[in-house]
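Below is the file run-v4.cif, which contains mmCIF, C-alpha atoms.
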```
data_final
loop_
_atom_site.label_atom_id
_atom_site.label_comp_id
_atom_site.auth_asym_id
_atom_site.auth_seq_id
_atom_site.Cartn_x
_atom_site.Cartn_y
_atom_site.Cartn_z
CA MET C 1 31.21 46.92 198.09
CA ALA C 2 29.19 47.38 194.94
CA THR C 3 26.56 50.06 194.85
CA ASN C 4 23.16 48.85 193.69
CA LEU C 5 20.50 50.85 191.90
CA ALA C 6 16.72 50.41 191.90
CA ILE C 7 14.57 52.51 189.57
CA TYR C 8 11.01 53.52 190.41
CA ALA C 9 8.25 55.33 188.52
CA ASN C 10 5.53 57.30 190.32
CA SER C 11 2.23 56.00 188.95
CA THR C 12 0.12 58.35 191.08
CA ASN C 13 -0.91 62.00 190.84
CA THR C 14 0.70 62.70 194.21
CA ASP C 15 3.88 64.68 193.74
CA ASP C 16 5.70 63.45 196.81
CA THR C 17 8.67 61.28 197.73
CA LYS C 18 8.82 57.54 197.41
CA GLY C 19 8.86 57.33 201.18
CA ASN C 20 5.59 59.22 201.49
CA VAL C 21 3.74 57.83 198.47
CA GLY C 22 4.89 54.29 199.07
CA ILE C 23 6.02 51.47 196.85
CA GLY C 24 3.54 49.26 195.04
CA ASN C 25 1.30 48.75 192.03
CA ASP C 26 -0.48 52.09 192.44
CA ALA C 27 2.38 54.00 194.02
CA PHE C 28 6.06 54.12 193.12
CA ILE C 29 6.43 51.09 190.90
CA LEU C 30 9.76 49.28 191.04
CA ILE C 31 10.67 48.94 187.38
CA ASP C 32 11.50 45.40 186.31
CA LEU C 33 14.41 46.28 184.10
CA ALA C 34 14.18 43.08 182.09
CA ASN C 35 10.43 43.06 181.40
CA ASP C 36 8.93 46.53 181.91
CA TYR C 37 9.20 49.34 179.37
CA LEU C 38 8.15 52.93 178.81
CA VAL C 39 5.83 54.22 176.09
CA TRP C 40 5.50 57.82 174.98
CA SER C 41 2.14 58.28 173.27
CA GLU C 42 -0.71 60.62 172.40
CA GLY C 43 -2.95 58.07 174.09
CA SER C 44 -6.06 56.28 172.87
CA ALA C 45 -8.73 53.95 174.16
CA ALA C 46 -6.26 51.06 173.91
CA VAL C 47 -3.19 52.98 175.00
CA ALA C 48 -4.44 54.22 178.33
CA ASP C 49 -4.01 53.73 182.05
CA ASP C 50 -4.72 50.19 183.27
CA GLN C 51 -5.16 48.83 179.75
CA ASP C 52 -3.62 45.57 178.62
CA GLU C 53 -0.31 45.56 176.78
CA PRO C 54 -0.95 47.33 173.47
CA THR C 55 -0.26 45.77 170.11
CA ASN C 56 2.09 47.39 167.65
CA ASP C 57 -0.91 48.57 165.63
CA GLU C 58 -2.45 50.15 168.72
CA LEU C 59 0.84 51.85 169.55
CA ASN C 60 1.15 53.18 166.01
CA GLU C 61 -2.40 54.52 166.05
CA ALA C 62 -1.60 56.42 169.26
CA ALA C 63 1.89 57.51 168.27
CA MET C 64 3.30 60.96 168.84
CA LEU C 65 2.40 63.24 165.94
CA ILE C 66 4.45 65.60 163.84
CA GLU C 67 2.67 68.95 163.86
CA ALA C 68 3.25 72.48 162.65
CA SER C 69 4.35 73.45 166.14
CA ALA C 70 6.51 71.51 168.59
CA ASN C 71 4.48 68.65 170.01
CA GLU C 72 5.18 67.20 173.45
CA ALA C 73 4.07 63.61 173.99
CA ASP C 74 0.75 63.80 175.78
CA LYS C 75 1.35 60.74 177.91
CA LEU C 76 4.11 58.53 179.28
CA PHE C 77 3.22 55.02 180.32
CA LEU C 78 5.10 52.29 182.08
CA TYR C 79 4.15 48.83 180.89
CA ASP C 80 4.24 46.94 184.18
CA ASN C 81 4.78 43.31 183.31
CA SER C 82 3.95 42.19 186.85
CA GLN C 83 0.42 43.55 186.40
CA LEU C 84 0.28 43.06 182.61
CA LYS C 85 -1.00 46.63 182.44
CA LEU C 86 -0.06 50.03 181.17
CA LYS C 87 0.40 52.45 184.05
CA LEU C 88 0.16 56.15 183.31
CA ILE C 89 3.07 58.18 184.70
CA ASP C 90 0.90 61.25 184.87
CA LEU C 91 3.45 63.52 186.54
CA ALA C 92 5.95 63.09 183.70
CA GLY C 93 6.28 65.93 181.22
CA SER C 94 6.89 69.63 181.18
CA ALA C 95 4.60 70.49 184.11
CA ASP C 96 6.10 71.57 187.42
CA ASN C 97 6.33 68.08 188.90
CA ARG C 98 9.20 66.86 191.02
CA TYR C 99 8.88 63.28 192.18
CA VAL C 100 8.37 61.43 188.92
CA PHE C 101 11.21 58.90 188.63
CA CYS C 102 13.31 57.80 191.56
CA LEU C 103 16.80 56.37 191.26
CA ALA C 104 17.52 54.69 194.58
CA PHE C 105 21.26 54.15 195.09
CA ASP C 106 22.07 52.02 198.12
CA GLY C 107 25.61 53.32 198.60
CA ALA C 108 28.33 55.73 197.57
CA THR C 109 29.63 56.03 194.04
CA ALA C 110 33.10 56.77 192.72
CA THR C 111 31.88 59.21 190.06
CA GLU C 112 28.79 61.28 189.46
CA PRO C 113 26.03 59.08 188.01
CA THR C 114 24.54 60.15 184.70
CA LEU C 115 21.31 59.63 182.77
CA GLU C 116 22.00 58.95 179.11
CA ALA C 117 20.20 58.02 175.88
CA TRP C 118 21.60 55.78 173.15
CA ASP C 119 20.45 53.94 170.06
CA SER C 120 21.15 50.56 171.64
CA ASP C 121 22.69 48.72 174.56
CA ALA C 122 26.09 49.01 172.86
CA HIS C 123 26.14 52.69 173.92
CA THR C 124 28.21 53.63 170.88
CA THR C 125 25.83 55.70 168.73
CA ALA C 126 22.96 58.13 169.27
CA ASN C 127 21.78 58.68 165.72
CA TYR C 128 18.06 57.96 166.02
CA HIS C 129 15.80 60.79 164.91
CA CYS C 130 14.47 61.04 168.44
CA LEU C 131 18.05 61.44 169.67
CA GLY C 132 18.81 64.27 167.30
CA ASN C 133 19.65 62.39 164.10
CA GLY C 134 23.38 62.70 164.76
CA THR C 135 23.22 66.06 166.55
CA PRO C 136 22.75 65.30 170.27
CA ALA C 137 21.66 68.85 171.06
CA ASN C 138 18.59 68.20 168.90
CA SER C 139 17.38 65.22 170.92
CA PHE C 140 13.62 65.02 171.39
CA ILE C 141 14.15 63.71 174.93
CA SER C 142 14.87 66.12 177.78
CA ALA C 143 15.33 65.39 181.47
CA VAL C 144 15.65 67.55 184.55
CA LEU C 145 17.10 66.73 187.97
CA THR C 146 14.52 67.42 190.66
CA THR C 147 16.13 66.00 193.79
CA GLY C 148 16.71 69.47 195.15
CA GLY C 149 13.48 71.10 194.06
CA SER C 150 10.66 71.37 191.56
CA PRO C 151 11.71 72.09 187.96
CA GLY C 152 9.32 74.97 187.33
CA ALA C 153 6.48 75.21 184.85
CA SER C 154 7.46 74.48 181.26
CA TRP C 155 10.95 73.44 182.37
CA VAL C 156 13.65 73.19 179.70
CA GLY C 157 16.00 70.63 181.26
CA THR C 158 18.84 68.90 179.43
CA LYS C 159 18.44 67.22 176.08
CA ILE C 160 19.95 63.76 176.40
CA ALA C 161 21.69 61.80 173.64
CA GLY C 162 25.04 60.04 173.51
CA SER C 163 28.06 60.86 175.64
CA THR C 164 28.02 64.63 175.23
CA GLN C 165 24.43 65.33 176.21
CA LYS C 166 23.66 63.68 179.51
CA LEU C 167 22.01 64.59 182.78
CA LEU C 168 24.33 64.81 185.77
CA LEU C 169 22.43 63.13 188.57
CA ASN C 170 24.09 65.00 191.40
CA GLY C 171 23.75 68.41 189.80
CA GLY C 172 27.47 68.57 189.00
CA GLY C 173 28.35 67.91 192.62
CA GLY C 174 30.33 64.78 191.82
CA ALA C 175 30.15 61.32 193.29
CA LEU C 176 27.43 60.33 195.75
CA GLY C 177 28.66 60.13 199.31
CA GLY C 178 26.27 57.39 200.40
CA ALA C 179 22.84 55.91 199.84
CA THR C 180 20.73 58.47 197.98
CA ASP C 181 17.32 58.79 196.32
CA ILE C 182 17.63 60.88 193.17
CA TYR C 183 14.56 62.24 191.39
CA PHE C 184 14.10 63.42 187.85
CA ASN C 185 11.39 64.33 185.37
CA ILE C 186 11.46 63.63 181.66
CA LYS C 187 9.64 64.62 178.46
CA ALA C 188 9.69 63.95 174.75
CA VAL C 189 8.98 66.73 172.26
CA VAL C 190 8.77 66.32 168.49
CA PRO C 191 10.13 69.46 166.82
CA ALA C 192 7.78 71.51 164.67
CA SER C 193 7.27 70.15 161.17
CA TYR C 194 9.88 67.43 161.60
CA THR C 195 10.36 65.91 158.20
CA GLN C 196 11.00 62.26 159.02
CA PRO C 197 8.47 60.00 160.72
CA ALA C 198 9.99 57.06 162.60
CA ALA C 199 9.29 54.28 165.03
CA GLU C 200 12.26 54.09 167.37
CA THR C 201 13.10 52.56 170.73
CA PRO C 202 16.17 54.28 172.14
CA VAL C 203 17.81 53.08 175.29
CA LEU C 204 17.71 55.22 178.41
CA THR C 205 20.41 54.24 180.85
CA VAL C 206 21.90 55.25 184.17
CA ARG C 207 25.70 55.01 184.32
CA TYR C 208 27.50 54.84 187.66
CA THR C 209 30.65 53.50 189.24
CA TRP C 210 31.93 52.21 192.51
CA ASN C 211 35.41 51.44 193.78
CA MET I 1 41.59 37.46 193.62
CA LEU I 2 41.11 40.57 191.49
CA TYR I 3 44.38 42.23 192.42
CA LYS I 4 47.33 42.29 194.74
CA ILE I 5 48.95 45.41 196.12
CA LYS I 6 52.55 45.60 197.23
CA PHE I 7 53.33 48.46 199.58
CA LYS I 8 56.60 50.33 199.86
CA ASP I 9 57.26 48.48 203.13
CA ASP I 10 57.01 45.15 201.25
CA THR I 11 53.72 44.20 202.85
CA ILE I 12 50.93 42.87 200.67
CA PHE I 13 47.21 43.58 200.41
CA ASN I 14 45.04 41.04 198.63
CA GLY I 15 42.04 42.43 196.82
CA GLY I 16 38.55 41.00 196.77
CA ASN I 17 37.44 38.09 194.64
CA SER I 18 34.55 39.86 192.95
CA LEU I 19 33.87 43.16 191.25
CA LYS I 20 30.92 43.44 193.60
CA ASP I 21 33.31 43.35 196.55
CA SER I 22 36.72 44.54 195.38
CA LYS I 23 37.84 45.62 198.88
CA TRP I 24 39.39 48.72 197.31
CA ASN I 25 38.00 50.85 200.12
CA GLU I 26 39.72 48.59 202.67
CA ILE I 27 43.21 49.40 201.40
CA PRO I 28 45.08 51.06 204.29
CA GLU I 29 45.15 54.82 203.82
CA ASN I 30 48.45 55.32 205.62
CA LYS I 31 50.61 53.06 203.46
CA GLU I 32 52.27 53.83 200.15
CA ILE I 33 51.48 51.58 197.20
CA GLU I 34 54.49 50.52 195.17
CA SER I 35 52.63 48.37 192.66
CA LEU I 36 49.14 47.19 191.73
CA ILE I 37 48.99 43.79 190.07
CA TYR I 38 45.58 43.22 188.46
CA SER I 39 44.14 40.05 186.93
CA LEU I 40 42.63 40.45 183.47
CA PRO I 41 39.62 38.49 182.15
CA ASP I 42 41.89 36.32 180.01
CA GLY I 43 44.07 35.35 182.96
CA ASN I 44 46.93 37.70 182.15
CA LEU I 45 48.09 40.44 184.47
CA ILE I 46 48.42 44.19 184.16
CA ILE I 47 50.81 45.92 186.53
CA LEU I 48 50.81 49.57 187.51
CA ARG I 49 53.77 50.71 189.53
CA GLU I 50 55.52 53.72 191.00
CA TYR I 51 52.63 56.12 190.59
CA GLU I 52 51.88 58.88 193.07
CA ALA I 53 48.33 57.57 193.53
CA TYR I 54 46.09 54.77 192.25
CA ASN I 55 42.39 54.35 191.65
CA HIS I 56 40.05 51.51 190.71
CA LEU I 57 36.55 51.91 189.30
CA VAL I 58 33.89 49.43 188.29
CA GLU I 59 31.51 50.94 185.72
CA ALA I 60 27.92 49.70 185.54
CA THR I 61 24.80 50.72 183.67
CA GLN I 62 21.10 50.01 183.99
CA ASN I 63 18.88 50.44 180.95
CA PHE I 64 15.23 51.18 181.71
CA TYR I 65 13.68 52.10 178.36
CA GLY I 66 14.08 50.64 174.93
CA SER I 67 14.49 47.39 173.16
CA ASP I 68 17.60 46.43 175.04
CA ASN I 69 16.40 46.48 178.60
CA VAL I 70 18.69 44.44 180.74
CA LYS I 71 19.42 44.30 184.39
CA GLU I 72 22.60 45.87 185.69
CA THR I 73 25.50 45.41 183.31
CA ILE I 74 29.09 45.78 184.42
CA ARG I 75 30.72 47.47 181.45
CA ALA I 76 34.34 48.07 182.37
CA ILE I 77 37.04 48.37 184.97
CA TYR I 78 39.18 51.48 185.11
CA LEU I 79 42.66 51.29 186.62
CA MET I 80 44.26 54.68 187.09
CA GLY I 81 47.68 55.92 188.03
CA LEU I 82 48.50 59.54 188.81
CA GLU I 83 51.87 61.15 188.14
CA LYS I 84 52.67 64.86 187.99
CA GLY I 85 49.09 65.92 187.50
CA VAL I 86 48.39 63.43 184.73
CA VAL I 87 46.20 60.37 185.15
CA THR I 88 46.96 57.35 183.02
CA SER I 89 43.70 55.44 182.72
CA TYR I 90 43.48 51.82 181.60
CA ARG I 91 39.93 50.86 180.66
CA ILE I 92 39.34 47.11 180.57
CA THR I 93 36.21 46.16 178.61
CA LEU I 94 34.01 43.58 180.32
CA TYR I 95 30.85 43.70 178.19
CA GLU I 96 30.18 43.46 174.48
CA ILE I 97 27.28 42.95 172.13
CA LYS I 98 27.35 42.55 168.40
CA ASP I 99 27.89 46.21 167.53
CA SER I 100 30.12 47.08 170.46
CA LYS I 101 33.22 49.09 169.66
CA TYR I 102 35.39 47.05 172.01
CA LYS I 103 35.55 43.36 172.86
CA ILE I 104 35.78 41.79 176.28
CA GLY I 105 39.32 42.09 177.54
CA ASP I 106 40.27 45.01 175.28
CA ILE I 107 42.35 47.58 177.12
CA THR I 108 42.36 51.22 176.08
CA ARG I 109 44.96 53.54 177.55
CA ARG I 110 44.27 57.25 177.85
CA GLU I 111 45.84 60.20 179.67
CA TYR I 112 43.89 63.01 181.31
CA PRO I 113 44.62 65.90 183.63
CA ILE I 114 43.73 65.05 187.20
CA GLY I 115 40.14 66.02 187.89
CA LYS I 116 39.06 65.11 184.37
CA GLU I 117 39.93 61.44 184.36
CA TYR I 118 36.42 60.03 183.89
CA TYR I 119 34.46 61.63 181.04
CA GLY I 120 35.91 65.00 181.98
CA ALA I 121 35.07 64.73 185.66
CA PRO I 122 36.91 63.67 188.83
CA THR I 123 36.80 60.32 190.56
CA ARG I 124 36.75 59.31 194.20
CA GLY I 125 38.72 56.52 195.84
CA TRP I 126 42.37 57.47 195.21
CA LYS I 127 44.94 55.57 197.25
CA LYS I 128 48.38 56.85 198.11
CA GLY I 129 51.31 55.74 196.01
CA ILE I 130 55.00 56.51 196.15
CA LYS I 131 55.80 60.19 195.71
#
```
Write the structure described by the file as structure tokens, please.
Amino acid sequence: MATNLAIYANSTNTDDTKGNVGIGNDAFILIDLANDYLVWSEGSAAVADDQDEPTNDELNEAAMLIEASANEADKLFLYDNSQLKLKLIDLAGSADNRYVFCLAFDGATATEPTLEAWDSDAHTTANYHCLGNGTPANSFISAVLTTGGSPGASWVGTKIAGSTQKLLLNGGGGALGGATDIYFNIKAVVPASYTQPAAETPVLTVRYTWN
Amino acid sequence: MLYKIKFKDDTIFNGGNSLKDSKWNEIPENKEIESLIYSLPDGNLIILREYEAYNHLVEATQNFYGSDNVKETIRAIYLMGLEKGVVTSYRITLYEIKDSKYKIGDITRREYPIGKEYYGAPTRGWKKGIK
């Protein structure tokens, strides 16, 4: 039988499992993969928790900044289309938080699932500036597997871009043996004095197989 | 029917009708596969035969950030045959968009050492063939 995947984002400040925090509008939000989306931002009055969907101008005004030192995105939001609101994913980022995103697999897999980043749904190139501008190891986006434990303060994680830089979602342990909740944290960091401003929307994807 | 398996003892196993229910895991473990006859998207067949072991994978992705958010997408089928430590992998493309490298139905054949047959990593689900 096929293995199905549901993806959740913890919209609370409670660093605990989906089972303990619960599922709902102010808990682990089930991401509507067709209509919800993530926003990395410095934040503003318009781009804030429980605000309406921001306009492009509002997003640009609150965009991540290029600074003289490396600059981590201050905030990660989920635009929840079911509520028509931005929801702050406050646990996301380089702090020592564990239960941020949950990948709920309902069965075994034939290979180890991976978290990847690409320019588009074609999954053929990862050349965006935020994905390393052709050098995947320079991706702005890093992720860390936290199923087995907290990542530690100021965690480094794995930069994700293309097929060579991806996060193994079973820690290198291979295929999943059955239904499993996998947790990860994620951050975006603009390198110091990066020379090229850009407005980009890469694709984050989970790849998995079944027999 | 996705595929048909002929065992060494001339018995037949009919695969599932859907990639969501291929019945691959229902193939008897104690019988030796002589050939795997698989239906391609265009109606043609691909046949793998006389391998030491066989595997079948359905590859799916779920995008959750970006301009191309879509629900689960089944990308490809992988048919694999093992012989003398080498896996011959046939990847059948099932999904394309305008800048995809491969088109639906394209088959790419690759060889890998066993244990590295899927992006440098092992797979689960091997079924016994004829030694």
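Against the coordinates shown, the PyMOL selection byres ((chain C and resi 45-54) around 7) returns C:Gly43, C:Ser44, C:Thr55, C:Asn56, C:Glu58, C:Leu59, C:Ala62, C:Tyr79, C:Leu84, C:Lys85, C:Leu86, C:Lys87, C:Leu88.
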Expand the PyMOL selection byres ((chain I) within 10 of (chain C)) into the explicit residue set it covers here, and present it as a PDB file with C-alpha atoms, in the coordinates of the input.
```pdb
ATOM      1  CA  GLY I  16      38.550  41.000 196.770  1.00  0.00           C
ATOM      2  CA  SER I  18      34.550  39.860 192.950  1.00  0.00           C
ATOM      3  CA  LEU I  19      33.870  43.160 191.250  1.00  0.00           C
ATOM      4  CA  LYS I  20      30.920  43.440 193.600  1.00  0.00           C
ATOM      5  CA  ASP I  21      33.310  43.350 196.550  1.00  0.00           C
ATOM      6  CA  SER I  22      36.720  44.540 195.380  1.00  0.00           C
ATOM      7  CA  LYS I  23      37.840  45.620 198.880  1.00  0.00           C
ATOM      8  CA  TRP I  24      39.390  48.720 197.310  1.00  0.00           C
ATOM      9  CA  ASN I  25      38.000  50.850 200.120  1.00  0.00           C
ATOM     10  CA  GLU I  26      39.720  48.590 202.670  1.00  0.00           C
ATOM     11  CA  ASN I  55      42.390  54.350 191.650  1.00  0.00           C
ATOM     12  CA  HIS I  56      40.050  51.510 190.710  1.00  0.00           C
ATOM     13  CA  LEU I  57      36.550  51.910 189.300  1.00  0.00           C
ATOM     14  CA  VAL I  58      33.890  49.430 188.290  1.00  0.00           C
ATOM     15  CA  GLU I  59      31.510  50.940 185.720  1.00  0.00           C
ATOM     16  CA  ALA I  60      27.920  49.700 185.540  1.00  0.00           C
ATOM     17  CA  THR I  61      24.800  50.720 183.670  1.00  0.00           C
ATOM     18  CA  GLN I  62      21.100  50.010 183.990  1.00  0.00           C
ATOM     19  CA  ASN I  63      18.880  50.440 180.950  1.00  0.00           C
ATOM     20  CA  PHE I  64      15.230  51.180 181.710  1.00  0.00           C
ATOM     21  CA  TYR I  65      13.680  52.100 178.360  1.00  0.00           C
ATOM     22  CA  GLY I  66      14.080  50.640 174.930  1.00  0.00           C
ATOM     23  CA  SER I  67      14.490  47.390 173.160  1.00  0.00           C
ATOM     24  CA  ASP I  68      17.600  46.430 175.040  1.00  0.00           C
ATOM     25  CA  ASN I  69      16.400  46.480 178.600  1.00  0.00           C
ATOM     26  CA  VAL I  70      18.690  44.440 180.740  1.00  0.00           C
ATOM     27  CA  LYS I  71      19.420  44.300 184.390  1.00  0.00           C
ATOM     28  CA  GLU I  72      22.600  45.870 185.690  1.00  0.00           C
ATOM     29  CA  THR I  73      25.500  45.410 183.310  1.00  0.00           C
ATOM     30  CA  ILE I  74      29.090  45.780 184.420  1.00  0.00           C
ATOM     31  CA  ARG I  75      30.720  47.470 181.450  1.00  0.00           C
ATOM     32  CA  ALA I  76      34.340  48.070 182.370  1.00  0.00           C
ATOM     33  CA  ILE I  77      37.040  48.370 184.970  1.00  0.00           C
ATOM     34  CA  TYR I  78      39.180  51.480 185.110  1.00  0.00           C
ATOM     35  CA  TYR I  95      30.850  43.700 178.190  1.00  0.00           C
ATOM     36  CA  GLU I  96      30.180  43.460 174.480  1.00  0.00           C
ATOM     37  CA  ILE I  97      27.280  42.950 172.130  1.00  0.00           C
ATOM     38  CA  LYS I  98      27.350  42.550 168.400  1.00  0.00           C
ATOM     39  CA  ASP I  99      27.890  46.210 167.530  1.00  0.00           C
ATOM     40  CA  SER I 100      30.120  47.080 170.460  1.00  0.00           C
ATOM     41  CA  LYS I 101      33.220  49.090 169.660  1.00  0.00           C
ATOM     42  CA  TYR I 102      35.390  47.050 172.010  1.00  0.00           C
ATOM     43  CA  TYR I 118      36.420  60.030 183.890  1.00  0.00           C
ATOM     44  CA  TYR I 119      34.460  61.630 181.040  1.00  0.00           C
ATOM     45  CA  ALA I 121      35.070  64.730 185.660  1.00  0.00           C
ATOM     46  CA  PRO I 122      36.910  63.670 188.830  1.00  0.00           C
ATOM     47  CA  THR I 123      36.800  60.320 190.560  1.00  0.00           C
ATOM     48  CA  ARG I 124      36.750  59.310 194.200  1.00  0.00           C
ATOM     49  CA  GLY I 125      38.720  56.520 195.840  1.00  0.00           C
ATOM     50  CA  TRP I 126      42.370  57.470 195.210  1.00  0.00           C
TER      51      TRP I 126
END
```
| Selection result for the PyMOL selection byres ((chain I and resi 110) around 6) on this file, as a PyMOL selection string | chain I and resi 88-89+109+111
Hey, can you spit out that residue selection with C-alpha atoms as a compact mmCIF listing (two decimals), in the frame of the given file?
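Output contents, as saved in result.txt:
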```
# COMPACT_ATOMS: atom_id res chain seq x y z
CA THR I 88 46.96 57.35 183.02
CA SER I 89 43.70 55.44 182.72
CA ARG I 109 44.96 53.54 177.55
CA GLU I 111 45.84 60.20 179.67
```
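CA of Tyr99 (chain C) lies 7.8 Å from CA of Lys18 (chain C).
If you look at CA of Thr158 (chain C) and CA of Ser139 (chain C), they are 9.4 Å away from each other.
Using only C-alpha atoms for every distance, the candidate list C:Asn170, C:Gln165, C:Gln196, C:Ser150 yields C:Ser150 as the residue closest to Thr17 (chain C).
If you look at CA of Met1 (chain I) and CA of Ser39 (chain I), they are 7.6 Å away from each other.
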